[in-house]
file model-v2.cif (mmCIF, N, CA and C atoms)
data_entry
#
loop_
_atom_site.label_atom_id
_atom_site.label_comp_id
_atom_site.auth_asym_id
_atom_site.auth_seq_id
_atom_site.Cartn_x
_atom_site.Cartn_y
_atom_site.Cartn_z
N MET A 6 12.71 -42.96 -255.24
CA MET A 6 13.11 -44.34 -255.48
C MET A 6 11.87 -45.23 -255.33
N PRO A 7 11.71 -46.21 -256.20
CA PRO A 7 10.54 -47.10 -256.11
C PRO A 7 10.51 -47.89 -254.80
N LYS A 8 9.28 -48.19 -254.37
CA LYS A 8 9.08 -49.04 -253.20
C LYS A 8 8.55 -50.39 -253.65
N TYR A 9 8.95 -51.42 -252.94
CA TYR A 9 8.55 -52.78 -253.24
C TYR A 9 7.98 -53.42 -251.97
N ILE A 10 6.97 -54.26 -252.16
CA ILE A 10 6.47 -55.05 -251.04
C ILE A 10 7.02 -56.46 -251.20
N LEU A 11 7.54 -56.98 -250.12
CA LEU A 11 8.03 -58.36 -250.08
C LEU A 11 7.00 -59.15 -249.29
N MET A 12 6.20 -59.95 -249.97
CA MET A 12 5.17 -60.76 -249.31
C MET A 12 5.79 -62.09 -248.89
N LEU A 13 5.77 -62.34 -247.60
CA LEU A 13 6.42 -63.53 -247.04
C LEU A 13 5.45 -64.70 -247.08
N ARG A 14 5.74 -65.67 -247.92
CA ARG A 14 4.88 -66.83 -248.09
C ARG A 14 5.44 -68.00 -247.27
N ASP A 15 4.58 -68.54 -246.44
CA ASP A 15 4.95 -69.68 -245.59
C ASP A 15 4.69 -70.96 -246.37
N SER A 16 5.71 -71.79 -246.51
CA SER A 16 5.55 -73.04 -247.27
C SER A 16 5.39 -74.24 -246.34
N GLY A 17 5.19 -74.01 -245.05
CA GLY A 17 5.06 -75.12 -244.11
C GLY A 17 6.37 -75.62 -243.55
N ALA A 18 7.47 -74.93 -243.83
CA ALA A 18 8.79 -75.36 -243.37
C ALA A 18 9.11 -74.89 -241.96
N PHE A 19 8.26 -74.00 -241.40
CA PHE A 19 8.52 -73.50 -240.06
C PHE A 19 8.25 -74.63 -239.07
N PRO A 20 9.19 -74.90 -238.16
CA PRO A 20 9.03 -76.03 -237.23
C PRO A 20 7.86 -75.85 -236.26
N ASP A 21 7.12 -76.92 -236.03
CA ASP A 21 5.99 -76.89 -235.10
C ASP A 21 6.42 -76.97 -233.64
N ASP A 22 7.54 -77.62 -233.39
CA ASP A 22 7.98 -77.90 -232.02
C ASP A 22 9.09 -76.96 -231.56
N ILE A 23 8.97 -75.70 -231.91
CA ILE A 23 10.01 -74.72 -231.60
C ILE A 23 9.90 -74.27 -230.14
N THR A 24 11.03 -74.09 -229.51
CA THR A 24 11.06 -73.61 -228.13
C THR A 24 10.95 -72.09 -228.11
N PRO A 25 10.56 -71.51 -227.00
CA PRO A 25 10.52 -70.04 -226.90
C PRO A 25 11.88 -69.40 -227.19
N GLU A 26 12.94 -70.04 -226.76
CA GLU A 26 14.29 -69.50 -227.00
C GLU A 26 14.61 -69.51 -228.49
N GLU A 27 14.25 -70.59 -229.18
CA GLU A 27 14.49 -70.67 -230.62
C GLU A 27 13.65 -69.63 -231.36
N MET A 28 12.41 -69.42 -230.90
CA MET A 28 11.55 -68.41 -231.52
C MET A 28 12.15 -67.02 -231.36
N GLN A 29 12.68 -66.71 -230.18
CA GLN A 29 13.30 -65.41 -229.96
C GLN A 29 14.52 -65.22 -230.86
N GLU A 30 15.28 -66.27 -231.09
CA GLU A 30 16.46 -66.20 -231.96
C GLU A 30 16.02 -65.91 -233.40
N ILE A 31 14.97 -66.59 -233.86
CA ILE A 31 14.47 -66.37 -235.21
C ILE A 31 13.93 -64.95 -235.36
N LEU A 32 13.14 -64.49 -234.38
CA LEU A 32 12.62 -63.13 -234.43
C LEU A 32 13.75 -62.10 -234.43
N GLY A 33 14.81 -62.39 -233.70
CA GLY A 33 15.98 -61.51 -233.69
C GLY A 33 16.63 -61.42 -235.06
N ARG A 34 16.67 -62.55 -235.79
CA ARG A 34 17.23 -62.55 -237.14
C ARG A 34 16.39 -61.67 -238.07
N TYR A 35 15.06 -61.81 -237.98
CA TYR A 35 14.18 -60.97 -238.80
C TYR A 35 14.39 -59.49 -238.46
N SER A 36 14.45 -59.17 -237.18
CA SER A 36 14.60 -57.78 -236.75
C SER A 36 15.93 -57.20 -237.24
N ALA A 37 17.00 -57.97 -237.11
CA ALA A 37 18.32 -57.50 -237.56
C ALA A 37 18.33 -57.27 -239.06
N TRP A 38 17.70 -58.17 -239.82
CA TRP A 38 17.64 -58.01 -241.27
C TRP A 38 16.83 -56.77 -241.63
N ARG A 39 15.69 -56.57 -240.97
CA ARG A 39 14.82 -55.42 -241.23
C ARG A 39 15.59 -54.11 -241.02
N VAL A 40 16.34 -54.03 -239.93
CA VAL A 40 17.13 -52.82 -239.65
C VAL A 40 18.22 -52.65 -240.71
N LYS A 41 18.90 -53.74 -241.07
CA LYS A 41 19.99 -53.69 -242.03
C LYS A 41 19.54 -53.12 -243.38
N VAL A 42 18.35 -53.51 -243.84
CA VAL A 42 17.88 -53.07 -245.15
C VAL A 42 16.90 -51.90 -245.08
N ASN A 43 16.68 -51.39 -243.86
CA ASN A 43 15.78 -50.26 -243.64
C ASN A 43 14.37 -50.55 -244.14
N ALA A 44 13.84 -51.71 -243.76
CA ALA A 44 12.50 -52.12 -244.19
C ALA A 44 11.48 -51.84 -243.10
N THR A 45 10.25 -51.63 -243.52
CA THR A 45 9.13 -51.60 -242.60
C THR A 45 8.29 -52.83 -242.89
N GLY A 46 7.44 -53.22 -241.96
CA GLY A 46 6.60 -54.37 -242.22
C GLY A 46 5.94 -54.90 -240.97
N GLN A 47 5.16 -55.95 -241.16
CA GLN A 47 4.42 -56.54 -240.06
C GLN A 47 4.26 -58.05 -240.28
N LYS A 48 4.13 -58.77 -239.18
CA LYS A 48 3.73 -60.17 -239.25
C LYS A 48 2.21 -60.19 -239.18
N LEU A 49 1.59 -61.05 -239.96
CA LEU A 49 0.15 -61.17 -239.94
C LEU A 49 -0.27 -62.21 -238.91
N THR A 50 -1.47 -62.08 -238.37
CA THR A 50 -1.97 -63.00 -237.36
C THR A 50 -2.13 -64.39 -237.96
N ASP A 51 -1.65 -65.40 -237.25
CA ASP A 51 -1.78 -66.78 -237.70
C ASP A 51 -3.24 -67.23 -237.65
N GLY A 52 -3.67 -67.96 -238.68
CA GLY A 52 -4.97 -68.59 -238.67
C GLY A 52 -6.17 -67.68 -238.78
N GLU A 53 -5.98 -66.41 -239.06
CA GLU A 53 -7.09 -65.46 -239.16
C GLU A 53 -7.13 -64.88 -240.55
N GLY A 54 -8.28 -64.47 -240.96
CA GLY A 54 -8.43 -63.78 -242.23
C GLY A 54 -9.74 -64.13 -242.88
N ARG A 55 -10.04 -63.44 -243.94
CA ARG A 55 -11.23 -63.68 -244.74
C ARG A 55 -10.85 -63.59 -246.20
N VAL A 56 -11.52 -64.36 -247.01
CA VAL A 56 -11.34 -64.31 -248.45
C VAL A 56 -12.64 -63.81 -249.05
N VAL A 57 -12.57 -62.73 -249.80
CA VAL A 57 -13.76 -62.13 -250.40
C VAL A 57 -13.71 -62.34 -251.91
N THR A 58 -14.79 -62.86 -252.47
CA THR A 58 -14.90 -63.05 -253.91
C THR A 58 -16.26 -62.53 -254.36
N ARG A 59 -16.35 -62.20 -255.64
CA ARG A 59 -17.63 -61.76 -256.19
C ARG A 59 -18.28 -62.97 -256.83
N LYS A 60 -19.53 -63.23 -256.45
CA LYS A 60 -20.28 -64.35 -257.00
C LYS A 60 -21.63 -63.85 -257.45
N ASP A 61 -21.99 -64.18 -258.66
CA ASP A 61 -23.28 -63.76 -259.23
C ASP A 61 -23.48 -62.26 -259.02
N HIS A 62 -24.41 -61.88 -258.15
CA HIS A 62 -24.70 -60.45 -257.97
C HIS A 62 -24.39 -59.99 -256.56
N GLY A 63 -23.39 -60.56 -255.95
CA GLY A 63 -23.03 -60.16 -254.60
C GLY A 63 -21.62 -60.62 -254.28
N VAL A 64 -21.26 -60.49 -253.04
CA VAL A 64 -19.95 -60.96 -252.62
C VAL A 64 -20.11 -62.17 -251.71
N SER A 65 -19.10 -63.00 -251.73
CA SER A 65 -19.05 -64.17 -250.88
C SER A 65 -17.85 -64.02 -249.96
N VAL A 66 -18.06 -64.23 -248.68
CA VAL A 66 -16.97 -64.12 -247.71
C VAL A 66 -16.80 -65.47 -247.03
N THR A 67 -15.58 -65.98 -247.05
CA THR A 67 -15.28 -67.25 -246.37
C THR A 67 -14.11 -67.04 -245.44
N ASP A 68 -14.01 -67.88 -244.44
CA ASP A 68 -12.84 -67.87 -243.57
C ASP A 68 -11.63 -68.31 -244.38
N GLY A 69 -10.47 -67.89 -243.94
CA GLY A 69 -9.26 -68.32 -244.62
C GLY A 69 -8.32 -67.14 -244.76
N PRO A 70 -7.20 -67.31 -245.35
CA PRO A 70 -6.67 -68.57 -245.87
C PRO A 70 -6.30 -69.51 -244.74
N TYR A 71 -6.23 -70.76 -245.03
CA TYR A 71 -5.94 -71.76 -244.01
C TYR A 71 -4.48 -72.18 -244.06
N VAL A 72 -3.97 -72.55 -242.89
CA VAL A 72 -2.58 -73.00 -242.79
C VAL A 72 -2.34 -74.22 -243.68
N GLU A 73 -3.39 -75.01 -243.92
CA GLU A 73 -3.25 -76.19 -244.76
C GLU A 73 -3.00 -75.83 -246.22
N SER A 74 -3.24 -74.57 -246.58
CA SER A 74 -3.00 -74.14 -247.95
C SER A 74 -1.53 -74.32 -248.30
N LYS A 75 -1.26 -74.42 -249.58
CA LYS A 75 0.11 -74.65 -250.03
C LYS A 75 1.03 -73.52 -249.59
N GLU A 76 0.62 -72.29 -249.79
CA GLU A 76 1.42 -71.14 -249.38
C GLU A 76 0.50 -70.06 -248.83
N VAL A 77 0.77 -69.62 -247.62
CA VAL A 77 -0.02 -68.59 -246.96
C VAL A 77 0.89 -67.39 -246.72
N ILE A 78 0.40 -66.18 -246.99
CA ILE A 78 1.19 -64.98 -246.71
C ILE A 78 1.16 -64.75 -245.20
N GLY A 79 2.34 -64.77 -244.58
CA GLY A 79 2.44 -64.65 -243.14
C GLY A 79 2.86 -63.27 -242.67
N GLY A 80 3.30 -62.43 -243.60
CA GLY A 80 3.74 -61.09 -243.25
C GLY A 80 4.28 -60.39 -244.48
N PHE A 81 4.79 -59.19 -244.26
CA PHE A 81 5.32 -58.44 -245.39
C PHE A 81 6.35 -57.43 -244.91
N PHE A 82 7.20 -57.03 -245.82
CA PHE A 82 8.13 -55.93 -245.63
C PHE A 82 7.94 -54.97 -246.80
N VAL A 83 8.23 -53.70 -246.56
CA VAL A 83 8.27 -52.70 -247.63
C VAL A 83 9.69 -52.15 -247.66
N ILE A 84 10.29 -52.17 -248.85
CA ILE A 84 11.66 -51.69 -249.02
C ILE A 84 11.70 -50.68 -250.15
N GLU A 85 12.78 -49.94 -250.23
CA GLU A 85 13.06 -49.09 -251.38
C GLU A 85 14.20 -49.72 -252.15
N ALA A 86 14.06 -49.74 -253.48
CA ALA A 86 15.10 -50.30 -254.34
C ALA A 86 14.98 -49.64 -255.71
N GLY A 87 16.09 -49.58 -256.41
CA GLY A 87 16.10 -48.94 -257.72
C GLY A 87 15.49 -49.77 -258.83
N SER A 88 15.36 -51.09 -258.60
CA SER A 88 14.84 -51.99 -259.63
C SER A 88 14.45 -53.31 -258.98
N TYR A 89 13.78 -54.16 -259.77
CA TYR A 89 13.48 -55.51 -259.27
C TYR A 89 14.77 -56.25 -258.93
N GLU A 90 15.79 -56.08 -259.77
CA GLU A 90 17.05 -56.77 -259.52
C GLU A 90 17.65 -56.37 -258.17
N GLU A 91 17.59 -55.08 -257.85
CA GLU A 91 18.09 -54.63 -256.55
C GLU A 91 17.21 -55.16 -255.42
N ALA A 92 15.89 -55.19 -255.62
CA ALA A 92 14.99 -55.74 -254.59
C ALA A 92 15.30 -57.21 -254.34
N ILE A 93 15.62 -57.95 -255.39
CA ILE A 93 16.00 -59.36 -255.23
C ILE A 93 17.29 -59.47 -254.44
N ARG A 94 18.27 -58.63 -254.77
CA ARG A 94 19.55 -58.66 -254.03
C ARG A 94 19.33 -58.33 -252.55
N ILE A 95 18.47 -57.35 -252.28
CA ILE A 95 18.19 -56.98 -250.89
C ILE A 95 17.55 -58.14 -250.15
N SER A 96 16.65 -58.87 -250.80
CA SER A 96 15.91 -59.94 -250.13
C SER A 96 16.65 -61.26 -250.08
N ASP A 97 17.79 -61.39 -250.77
CA ASP A 97 18.41 -62.71 -250.88
C ASP A 97 18.99 -63.25 -249.58
N ASP A 98 19.16 -62.41 -248.56
CA ASP A 98 19.61 -62.95 -247.26
C ASP A 98 18.54 -62.76 -246.17
N CYS A 99 17.30 -62.53 -246.59
CA CYS A 99 16.20 -62.42 -245.63
C CYS A 99 16.01 -63.78 -244.94
N PRO A 100 15.90 -63.79 -243.62
CA PRO A 100 15.74 -65.06 -242.91
C PRO A 100 14.50 -65.84 -243.32
N HIS A 101 13.52 -65.18 -243.90
CA HIS A 101 12.29 -65.88 -244.28
C HIS A 101 12.54 -66.96 -245.33
N LEU A 102 13.58 -66.81 -246.12
CA LEU A 102 13.86 -67.81 -247.15
C LEU A 102 14.20 -69.18 -246.53
N ASP A 103 14.47 -69.23 -245.23
CA ASP A 103 14.65 -70.52 -244.55
C ASP A 103 13.32 -71.23 -244.32
N PHE A 104 12.20 -70.49 -244.44
CA PHE A 104 10.89 -71.04 -244.09
C PHE A 104 9.87 -70.98 -245.22
N GLY A 105 10.19 -70.29 -246.30
CA GLY A 105 9.22 -70.14 -247.38
C GLY A 105 9.80 -69.32 -248.51
N SER A 106 8.93 -68.68 -249.24
CA SER A 106 9.35 -67.88 -250.37
C SER A 106 8.92 -66.42 -250.17
N ILE A 107 9.44 -65.56 -251.03
CA ILE A 107 9.12 -64.14 -250.97
C ILE A 107 8.63 -63.70 -252.34
N GLU A 108 7.43 -63.14 -252.39
CA GLU A 108 6.92 -62.56 -253.63
C GLU A 108 7.23 -61.07 -253.59
N ILE A 109 7.88 -60.57 -254.63
CA ILE A 109 8.27 -59.17 -254.71
C ILE A 109 7.39 -58.47 -255.72
N ARG A 110 6.77 -57.36 -255.29
CA ARG A 110 5.92 -56.58 -256.20
C ARG A 110 6.23 -55.10 -256.00
N GLU A 111 6.36 -54.37 -257.10
CA GLU A 111 6.56 -52.93 -257.00
C GLU A 111 5.25 -52.26 -256.63
N ILE A 112 5.33 -51.28 -255.73
CA ILE A 112 4.17 -50.51 -255.33
C ILE A 112 3.99 -49.38 -256.31
N GLU A 113 2.83 -49.29 -256.91
CA GLU A 113 2.59 -48.26 -257.92
C GLU A 113 2.64 -46.88 -257.30
N ARG A 114 3.34 -45.99 -257.98
CA ARG A 114 3.48 -44.61 -257.48
C ARG A 114 2.36 -43.75 -257.93
#
call {"tool": "encode", "arguments": {"input": "model-v2.cif", "output": "structure tokens"}}
result
Amino acid sequence: MPKYILMLRDSGAFPDDITPEEMQEILGRYSAWRVKVNATGQKLTDGEGRVVTRKDHGVSVTDGPYVESKEVIGGFFVIEAGSYEEAIRISDDCPHLDFGSIEIREIER
């Protein structure tokens, strides 16, 4: 069965003033969803990363992506689904949709 990566894009909707209890509740929702759909995945470290591009005859490395960006990938899940349509159905109740968008891409076999 094909595998798909669900890239979790943060659109800035996640509250800044969240309490530890609220954070635990949100993390619990993600964990319950992950178990329900049998997904694997990870949250990415906030505010860290590098962007590598090729310039002229070498590579350029800059810090980023930045939280100020329009959409930053904050994590990912990997699922199995028979088609893009099934992957969309699986992701339609993912808690991340309360905070951003999900880019779905099939992993090449």
call {"tool": "atom_distance", "arguments": {"input": "model-v2.cif", "atom1": "CA of Ile109 (chain A)", "atom2": "atom N of Ile10 (chain A)"}}
result
5.7 Å
call {"tool": "resolve_selection", "arguments": {"input": "model-v2.cif", "expression": "the PyMOL selection byres ((chain A and resi 9) around 8)", "output": "list in words"}}
result
Met6, Pro7, Lys8, Ile10, Leu11, Met12, Phe82, Val83, Ile84, Glu85, Ala86, Ala92, Glu108, Ile109, Arg110, Glu111, Ile112 and Glu113 of chain A
call {"tool": "resolve_selection", "arguments": {"input": "model-v2.cif", "expression": "the PyMOL selection byres ((chain A and resi 47-49) around 7)", "output": "PDB file with N, CA and C atoms, keeping the file's coordinate frame"}}
result
ATOM      1  N   THR A  45      10.250 -51.630-243.520  1.00  0.00           N
ATOM      2  CA  THR A  45       9.130 -51.600-242.600  1.00  0.00           C
ATOM      3  C   THR A  45       8.290 -52.830-242.890  1.00  0.00           C
ATOM      4  N   GLY A  46       7.440 -53.220-241.960  1.00  0.00           N
ATOM      5  CA  GLY A  46       6.600 -54.370-242.220  1.00  0.00           C
ATOM      6  C   GLY A  46       5.940 -54.900-240.970  1.00  0.00           C
ATOM      7  N   THR A  50      -1.470 -62.080-238.370  1.00  0.00           N
ATOM      8  CA  THR A  50      -1.970 -63.000-237.360  1.00  0.00           C
ATOM      9  C   THR A  50      -2.130 -64.390-237.960  1.00  0.00           C
ATOM     10  N   ASP A  51      -1.650 -65.400-237.250  1.00  0.00           N
ATOM     11  CA  ASP A  51      -1.780 -66.780-237.700  1.00  0.00           C
ATOM     12  C   ASP A  51      -3.240 -67.230-237.650  1.00  0.00           C
ATOM     13  N   GLY A  52      -3.670 -67.960-238.680  1.00  0.00           N
ATOM     14  CA  GLY A  52      -4.970 -68.590-238.670  1.00  0.00           C
ATOM     15  C   GLY A  52      -6.170 -67.680-238.780  1.00  0.00           C
ATOM     16  N   ILE A  78       0.400 -66.180-246.990  1.00  0.00           N
ATOM     17  CA  ILE A  78       1.190 -64.980-246.710  1.00  0.00           C
ATOM     18  C   ILE A  78       1.160 -64.750-245.200  1.00  0.00           C
ATOM     19  N   GLY A  79       2.340 -64.770-244.580  1.00  0.00           N
ATOM     20  CA  GLY A  79       2.440 -64.650-243.140  1.00  0.00           C
ATOM     21  C   GLY A  79       2.860 -63.270-242.670  1.00  0.00           C
ATOM     22  N   GLY A  80       3.300 -62.430-243.600  1.00  0.00           N
ATOM     23  CA  GLY A  80       3.740 -61.090-243.250  1.00  0.00           C
ATOM     24  C   GLY A  80       4.280 -60.390-244.480  1.00  0.00           C
ATOM     25  N   PHE A  81       4.790 -59.190-244.260  1.00  0.00           N
ATOM     26  CA  PHE A  81       5.320 -58.440-245.390  1.00  0.00           C
ATOM     27  C   PHE A  81       6.350 -57.430-244.910  1.00  0.00           C
ATOM     28  N   PHE A  82       7.200 -57.030-245.820  1.00  0.00           N
ATOM     29  CA  PHE A  82       8.130 -55.930-245.630  1.00  0.00           C
ATOM     30  C   PHE A  82       7.940 -54.970-246.800  1.00  0.00           C
ATOM     31  N   VAL A  83       8.230 -53.700-246.560  1.00  0.00           N
ATOM     32  CA  VAL A  83       8.270 -52.700-247.630  1.00  0.00           C
ATOM     33  C   VAL A  83       9.690 -52.150-247.660  1.00  0.00           C
TER      34      VAL A  83
END
call {"tool": "residues_around", "arguments": {"input": "model-v2.cif", "residues": "Phe104 (chain A)", "least_positions_apart": "2", "cutoff": "10 Å", "atoms": "only C-alpha atoms", "output": "short mmCIF file (atom, residue, chain, number, x, y, z; two decimals) with N, CA and C atoms, in the frame of the given file"}}
result
data_model
loop_
_atom_site.label_atom_id
_atom_site.label_comp_id
_atom_site.auth_asym_id
_atom_site.auth_seq_id
_atom_site.Cartn_x
_atom_site.Cartn_y
_atom_site.Cartn_z
N LEU A 13 5.77 -62.34 -247.60
CA LEU A 13 6.42 -63.53 -247.04
C LEU A 13 5.45 -64.70 -247.08
N ARG A 14 5.74 -65.67 -247.92
CA ARG A 14 4.88 -66.83 -248.09
C ARG A 14 5.44 -68.00 -247.27
N ASP A 15 4.58 -68.54 -246.44
CA ASP A 15 4.95 -69.68 -245.59
C ASP A 15 4.69 -70.96 -246.37
N SER A 16 5.71 -71.79 -246.51
CA SER A 16 5.55 -73.04 -247.27
C SER A 16 5.39 -74.24 -246.34
N GLY A 17 5.19 -74.01 -245.05
CA GLY A 17 5.06 -75.12 -244.11
C GLY A 17 6.37 -75.62 -243.55
N ALA A 18 7.47 -74.93 -243.83
CA ALA A 18 8.79 -75.36 -243.37
C ALA A 18 9.11 -74.89 -241.96
N PHE A 19 8.26 -74.00 -241.40
CA PHE A 19 8.52 -73.50 -240.06
C PHE A 19 8.25 -74.63 -239.07
N PRO A 20 9.19 -74.90 -238.16
CA PRO A 20 9.03 -76.03 -237.23
C PRO A 20 7.86 -75.85 -236.26
N PRO A 100 15.90 -63.79 -243.62
CA PRO A 100 15.74 -65.06 -242.91
C PRO A 100 14.50 -65.84 -243.32
N HIS A 101 13.52 -65.18 -243.90
CA HIS A 101 12.29 -65.88 -244.28
C HIS A 101 12.54 -66.96 -245.33
N LEU A 102 13.58 -66.81 -246.12
CA LEU A 102 13.86 -67.81 -247.15
C LEU A 102 14.20 -69.18 -246.53
N SER A 106 8.93 -68.68 -249.24
CA SER A 106 9.35 -67.88 -250.37
C SER A 106 8.92 -66.42 -250.17
N ILE A 107 9.44 -65.56 -251.03
CA ILE A 107 9.12 -64.14 -250.97
C ILE A 107 8.63 -63.70 -252.34
#
call {"tool": "atom_distance", "arguments": {"input": "model-v2.cif", "atom1": "CA of Val42 (chain A)", "atom2": "CA of Glu26 (chain A)"}}
result
24.7 Å
call {"tool": "select_by_dssp", "arguments": {"input": "model-v2.cif", "residues": "chain A", "states": "strand (DSSP E or B)", "output": "PyMOL selection string"}}
result
chain A and resi 8-15+45-48+55-60+63-68+77-85+105-111
call {"tool": "closest_residue", "arguments": {"input": "model-v2.cif", "among": "A:Gly105, A:Ser96, A:Tyr89, A:Ile31", "to": "Ala44 (chain A)", "atoms": "only C-alpha atoms"}}
result
A:Ser96
call {"tool": "select_by_dssp", "arguments": {"input": "model-v2.cif", "residues": "chain A", "states": "helix (DSSP H, G or I)", "output": "PyMOL selection string"}}
result
chain A and resi 25-42+89-96+100-103
call {"tool": "atom_distance", "arguments": {"input": "model-v2.cif", "atom1": "atom N of Met28 (chain A)", "atom2": "atom N of Val40 (chain A)"}}
result
18.3 Å
call {"tool": "axis_aligned_box", "arguments": {"input": "model-v2.cif", "around": "region 29-40 of chain A", "padding_each_side": "5 Å", "output": "AutoDock Vina command-line options"}}
result
--center_x 15.5 --center_y -59.7 --center_z -235.8 --size_x 15.7 --size_y 24.1 --size_z 21.7
